[in-house]
Amino acid sequence: MRYPRGVPRSGAEARRRLQQAALELYWERGFDQTTTAEIAARAGVNERTFFRHFPDKREVLFDGESDLRAALMQAVAEAPDGLQPLEILLCAFRKVERILEGNRPFAEPRLQVIAVTPALRERELAKAASLTDAVAEALRQRGVADRLVGLAAQTGWAAFHQAAQAWIEDPSQSLDAHLLQAFDDLRALSVSALPAQTRPES
């Protein structure tokens, strides 16, 4: 879709148009072959407007990370007392589901473009690491032991990511259903782990 030339009515509209234009061009031509000028032209704005919203052409597909980080940290902080670290994270992830659900039309093609673009996969890994660190810090602020926060955050984030991928592939079930299933699977793996008393001595 090519937007008509003209000034968008709001910054939010310009941002949305730039995101959609970038996604379309990356799919049609490939990420490396697309320039910021072409994205701006497709969105019906000038290149200066592009850089007012995004620092580079990779960040167009990763907008909203700061909102997700803030929402996750708040949800971890507000989770009920008495929960184990993974239960805290499940509670927090269920609270922020709406952010992903509201962005589903953009999420599916975005993931497809990232999957075939090494530069975008690298950025996605960096963003995931940053979010995992934020979750770990939120758990630490709740008093979770240092030796547990990293393991819990990485394990919980992996389950959340798997649930999101499953939801994209199977929209017949809600994101919440996929998330609950992922954490059920995680518990099953923990239960079936080798008991400490039967582990071979190192």
# chains A, B, ... in the order shown; residues from 1 in each chain; ligands from 1
>>> residues_around(residues="Gln112 of chain A", least_positions_apart="2", cutoff="12 Å", atoms="only C-alpha atoms", output="list of chain:residue names")
A:Leu23, A:Glu24, A:Tyr26, A:Trp27, A:Gly30, A:Phe31, A:Leu61, A:Phe106, A:Ala107, A:Glu108, A:Pro109, A:Arg110, A:Ile114, A:Ala115, A:Val116, A:Thr117, A:Pro118, A:Leu120, A:Arg121, A:Gln165, A:Ile168, A:Glu169
>>> write_last_selection(atoms="C-alpha atoms", output="CSV table (one decimal), in the first residue's frame")
chain,number,residue,atom,x,y,z
A,23,LEU,CA,7.4,-4.2,6.7
A,24,GLU,CA,6.0,-4.2,3.1
A,26,TYR,CA,11.3,-5.6,3.5
A,27,TRP,CA,9.0,-8.4,2.4
A,30,GLY,CA,14.5,-7.6,1.3
A,31,PHE,CA,15.9,-5.7,4.3
A,61,LEU,CA,10.4,-3.5,13.5
A,106,PHE,CA,1.9,-6.6,12.5
A,107,ALA,CA,3.5,-9.4,14.5
A,108,GLU,CA,3.1,-12.3,12.0
A,109,PRO,CA,4.7,-10.7,8.9
A,110,ARG,CA,7.3,-9.1,11.2
A,114,ILE,CA,13.1,-11.3,10.8
A,115,ALA,CA,13.4,-15.1,10.3
A,116,VAL,CA,15.0,-14.5,6.8
A,117,THR,CA,17.2,-11.5,7.7
A,118,PRO,CA,20.4,-12.1,9.7
A,120,LEU,CA,17.3,-8.4,12.2
A,121,ARG,CA,17.7,-11.8,13.9
A,165,GLN,CA,5.5,-18.2,18.4
A,168,ILE,CA,1.3,-16.8,15.7
A,169,GLU,CA,1.3,-20.3,14.1
>>> residues_around(residues="segment 171-185 of chain A", least_positions_apart="4", cutoff="7 Å", atoms="only C-alpha atoms", output="number ranges by chain")
A: 94, 159-160, 163-164, 166-167, 189
>>> write_last_selection(atoms="C-alpha atoms", output="PDB file, in the first residue's frame")
ATOM      1  CA  ARG A  94      -0.359 -12.832  31.452  1.00  0.00           C
ATOM      2  CA  ALA A 159       8.556 -20.101  27.669  1.00  0.00           C
ATOM      3  CA  PHE A 160       6.933 -16.753  26.873  1.00  0.00           C
ATOM      4  CA  ALA A 163       4.065 -19.328  23.548  1.00  0.00           C
ATOM      5  CA  ALA A 164       4.086 -16.224  21.339  1.00  0.00           C
ATOM      6  CA  ALA A 166       2.885 -20.936  18.900  1.00  0.00           C
ATOM      7  CA  TRP A 167       0.130 -18.310  19.012  1.00  0.00           C
ATOM      8  CA  LEU A 189      10.184 -30.878  32.411  1.00  0.00           C
TER       9      LEU A 189
END
>>> closest_residue(among="A:Asp32, A:Glu87, A:Glu59, A:Glu97", to="Leu139 of chain A", atoms="only C-alpha atoms")
A:Glu87
>>> atom_distance(atom1="atom CA of Val149 of chain A", atom2="atom CA of Ala188 of chain A")
20.5 Å
>>> residues_around(residues="Leu18 of chain A", least_positions_apart="6", cutoff="9 Å", atoms="only C-alpha atoms", output="PyMOL selection string")
chain A and resi 39-40+42-45+50+53+60
>>> select_by_dssp(residues="segment 25-198 of chain A", states="helix (DSSP H, G or I)", output="mmCIF file with C-alpha atoms, in the first residue's frame")
data_model
loop_
_atom_site.group_PDB
_atom_site.id
_atom_site.type_symbol
_atom_site.label_atom_id
_atom_site.label_comp_id
_atom_site.auth_asym_id
_atom_site.auth_seq_id
_atom_site.Cartn_x
_atom_site.Cartn_y
_atom_site.Cartn_z
ATOM 1 C CA LEU A 25 9.269 -3.175 1.534
ATOM 2 C CA TYR A 26 11.346 -5.638 3.534
ATOM 3 C CA TRP A 27 8.992 -8.388 2.404
ATOM 4 C CA GLU A 28 8.977 -7.271 -1.232
ATOM 5 C CA ARG A 29 12.646 -6.354 -1.713
ATOM 6 C CA THR A 36 15.105 4.698 4.734
ATOM 7 C CA ALA A 37 14.277 7.110 1.909
ATOM 8 C CA GLU A 38 12.195 4.419 0.210
ATOM 9 C CA ILE A 39 10.392 3.617 3.454
ATOM 10 C CA ALA A 40 9.570 7.292 3.960
ATOM 11 C CA ALA A 41 8.363 7.647 0.368
ATOM 12 C CA ARG A 42 6.114 4.575 0.688
ATOM 13 C CA ALA A 43 4.677 6.033 3.913
ATOM 14 C CA GLU A 47 13.134 10.973 5.285
ATOM 15 C CA ARG A 48 13.593 13.487 8.080
ATOM 16 C CA THR A 49 10.280 12.332 9.527
ATOM 17 C CA PHE A 50 11.579 8.764 9.482
ATOM 18 C CA PHE A 51 14.588 9.690 11.609
ATOM 19 C CA ARG A 52 12.392 11.695 13.939
ATOM 20 C CA HIS A 53 10.727 8.420 14.901
ATOM 21 C CA GLU A 59 14.375 -0.264 14.830
ATOM 22 C CA VAL A 60 11.192 0.156 12.784
ATOM 23 C CA LEU A 61 10.398 -3.501 13.514
ATOM 24 C CA PHE A 62 11.261 -3.308 17.209
ATOM 25 C CA GLU A 65 10.259 -2.594 23.420
ATOM 26 C CA SER A 66 10.502 0.123 26.074
ATOM 27 C CA ASP A 67 6.742 -0.077 26.715
ATOM 28 C CA LEU A 68 6.921 -3.874 27.036
ATOM 29 C CA ARG A 69 9.903 -3.625 29.402
ATOM 30 C CA ALA A 70 8.155 -1.095 31.627
ATOM 31 C CA ALA A 71 4.931 -3.121 31.652
ATOM 32 C CA LEU A 72 6.773 -6.339 32.522
ATOM 33 C CA MET A 73 8.745 -4.768 35.360
ATOM 34 C CA GLN A 74 5.585 -3.243 36.795
ATOM 35 C CA ALA A 75 3.706 -6.541 36.473
ATOM 36 C CA VAL A 76 6.501 -8.416 38.257
ATOM 37 C CA ALA A 77 6.485 -5.842 41.041
ATOM 38 C CA GLU A 78 2.699 -6.080 41.433
ATOM 39 C CA PRO A 85 9.870 -16.898 40.753
ATOM 40 C CA LEU A 86 8.366 -18.706 37.734
ATOM 41 C CA GLU A 87 4.853 -18.176 39.095
ATOM 42 C CA ILE A 88 5.635 -14.464 39.393
ATOM 43 C CA LEU A 89 6.739 -14.416 35.768
ATOM 44 C CA LEU A 90 3.681 -16.287 34.531
ATOM 45 C CA CYS A 91 1.494 -13.776 36.346
ATOM 46 C CA ALA A 92 3.452 -10.903 34.796
ATOM 47 C CA PHE A 93 3.400 -12.326 31.267
ATOM 48 C CA ARG A 94 -0.359 -12.832 31.452
ATOM 49 C CA LYS A 95 -0.754 -9.152 32.346
ATOM 50 C CA VAL A 96 1.196 -7.928 29.311
ATOM 51 C CA GLU A 97 -0.450 -10.241 26.770
ATOM 52 C CA ARG A 98 -2.664 -7.395 25.572
ATOM 53 C CA ILE A 99 0.397 -5.616 24.140
ATOM 54 C CA LEU A 100 1.061 -8.520 21.782
ATOM 55 C CA GLU A 101 -2.597 -9.219 21.089
ATOM 56 C CA ARG A 104 -1.069 -9.252 15.968
ATOM 57 C CA PRO A 105 -1.620 -8.019 12.363
ATOM 58 C CA PHE A 106 1.920 -6.606 12.452
ATOM 59 C CA ALA A 107 3.484 -9.432 14.482
ATOM 60 C CA GLU A 108 3.091 -12.320 12.047
ATOM 61 C CA PRO A 109 4.683 -10.742 8.928
ATOM 62 C CA ARG A 110 7.285 -9.087 11.180
ATOM 63 C CA LEU A 111 8.449 -12.467 12.482
ATOM 64 C CA GLN A 112 8.606 -13.824 8.937
ATOM 65 C CA VAL A 113 10.823 -10.946 7.804
ATOM 66 C CA ILE A 114 13.093 -11.304 10.849
ATOM 67 C CA ALA A 115 13.443 -15.060 10.256
ATOM 68 C CA PRO A 118 20.419 -12.083 9.707
ATOM 69 C CA ALA A 119 20.767 -8.425 10.745
ATOM 70 C CA LEU A 120 17.254 -8.437 12.180
ATOM 71 C CA ARG A 121 17.736 -11.779 13.933
ATOM 72 C CA GLU A 122 20.818 -10.320 15.612
ATOM 73 C CA ARG A 123 18.850 -7.280 16.768
ATOM 74 C CA GLU A 124 16.023 -9.507 18.013
ATOM 75 C CA LEU A 125 18.461 -11.524 20.135
ATOM 76 C CA ALA A 126 19.875 -8.315 21.604
ATOM 77 C CA LYS A 127 16.393 -7.032 22.424
ATOM 78 C CA ALA A 128 15.451 -10.355 24.024
ATOM 79 C CA ALA A 129 18.606 -10.252 26.165
ATOM 80 C CA SER A 130 17.759 -6.716 27.269
ATOM 81 C CA LEU A 131 14.210 -7.706 28.238
ATOM 82 C CA THR A 132 15.480 -10.782 30.082
ATOM 83 C CA ASP A 133 17.880 -8.591 32.062
ATOM 84 C CA ALA A 134 15.003 -6.266 32.950
ATOM 85 C CA VAL A 135 12.881 -9.185 34.149
ATOM 86 C CA ALA A 136 15.801 -10.483 36.223
ATOM 87 C CA GLU A 137 16.236 -7.067 37.836
ATOM 88 C CA ALA A 138 12.515 -6.892 38.632
ATOM 89 C CA LEU A 139 12.749 -10.282 40.349
ATOM 90 C CA ARG A 140 15.824 -9.141 42.244
ATOM 91 C CA GLN A 141 13.936 -6.089 43.483
ATOM 92 C CA ASP A 146 20.694 -13.632 43.004
ATOM 93 C CA ARG A 147 21.502 -17.237 42.116
ATOM 94 C CA LEU A 148 17.912 -17.702 40.911
ATOM 95 C CA VAL A 149 17.040 -14.466 39.111
ATOM 96 C CA GLY A 150 19.015 -15.100 35.932
ATOM 97 C CA LEU A 151 17.892 -18.696 35.565
ATOM 98 C CA ALA A 152 14.264 -17.813 36.261
ATOM 99 C CA ALA A 153 14.279 -14.848 33.880
ATOM 100 C CA GLN A 154 15.889 -16.753 31.006
ATOM 101 C CA THR A 155 13.708 -19.830 31.494
ATOM 102 C CA GLY A 156 10.532 -17.792 31.849
ATOM 103 C CA TRP A 157 11.326 -15.639 28.830
ATOM 104 C CA ALA A 158 12.000 -18.753 26.732
ATOM 105 C CA ALA A 159 8.556 -20.101 27.669
ATOM 106 C CA PHE A 160 6.933 -16.753 26.873
ATOM 107 C CA HIS A 161 8.699 -16.560 23.507
ATOM 108 C CA GLN A 162 7.671 -20.107 22.636
ATOM 109 C CA ALA A 163 4.065 -19.328 23.548
ATOM 110 C CA ALA A 164 4.086 -16.224 21.339
ATOM 111 C CA GLN A 165 5.485 -18.192 18.406
ATOM 112 C CA ALA A 166 2.885 -20.936 18.900
ATOM 113 C CA TRP A 167 0.130 -18.310 19.012
ATOM 114 C CA ILE A 168 1.266 -16.839 15.699
ATOM 115 C CA GLU A 169 1.315 -20.305 14.125
ATOM 116 C CA LEU A 175 -2.142 -16.297 23.525
ATOM 117 C CA ASP A 176 -3.115 -16.966 27.136
ATOM 118 C CA ALA A 177 -3.850 -20.632 26.351
ATOM 119 C CA HIS A 178 -0.486 -21.020 24.636
ATOM 120 C CA LEU A 179 1.244 -19.294 27.545
ATOM 121 C CA LEU A 180 -0.383 -21.550 30.138
ATOM 122 C CA GLN A 181 0.570 -24.589 28.044
ATOM 123 C CA ALA A 182 4.194 -23.455 27.812
ATOM 124 C CA PHE A 183 4.463 -23.076 31.575
ATOM 125 C CA ASP A 184 2.721 -26.424 32.101
ATOM 126 C CA ASP A 185 5.335 -27.979 29.820
ATOM 127 C CA LEU A 186 8.056 -26.229 31.792
ATOM 128 C CA ARG A 187 6.736 -27.690 35.044
ATOM 129 C CA ALA A 188 6.561 -31.145 33.455
ATOM 130 C CA LEU A 189 10.184 -30.878 32.411
ATOM 131 C CA SER A 190 11.142 -29.886 35.966
ATOM 132 C CA VAL A 191 9.247 -32.807 37.509
ATOM 133 C CA ALA A 196 19.544 -34.939 42.921
ATOM 134 C CA GLN A 197 20.206 -38.160 44.839
ATOM 135 C CA THR A 198 20.513 -40.195 41.637
#
>>> closest_residue(among="A:Asp170, A:Gly102, A:Asp63, A:Leu83", to="Arg16 of chain A", atoms="only C-alpha atoms")
A:Asp63
>>> closest_residue(among="A:Ala14, A:Gln84, A:Asn46, A:Asp56", to="Thr34 of chain A", atoms="only C-alpha atoms")
A:Asp56
>>> atom_distance(atom1="atom CA of Gly64 of chain A", atom2="atom CA of Asp81 of chain A")
28.6 Å
>>> closest_residue(among="A:Pro55, A:Gly11, A:Ala21, A:Gly82", to="Gly143 of chain A", atoms="only C-alpha atoms")
A:Gly82
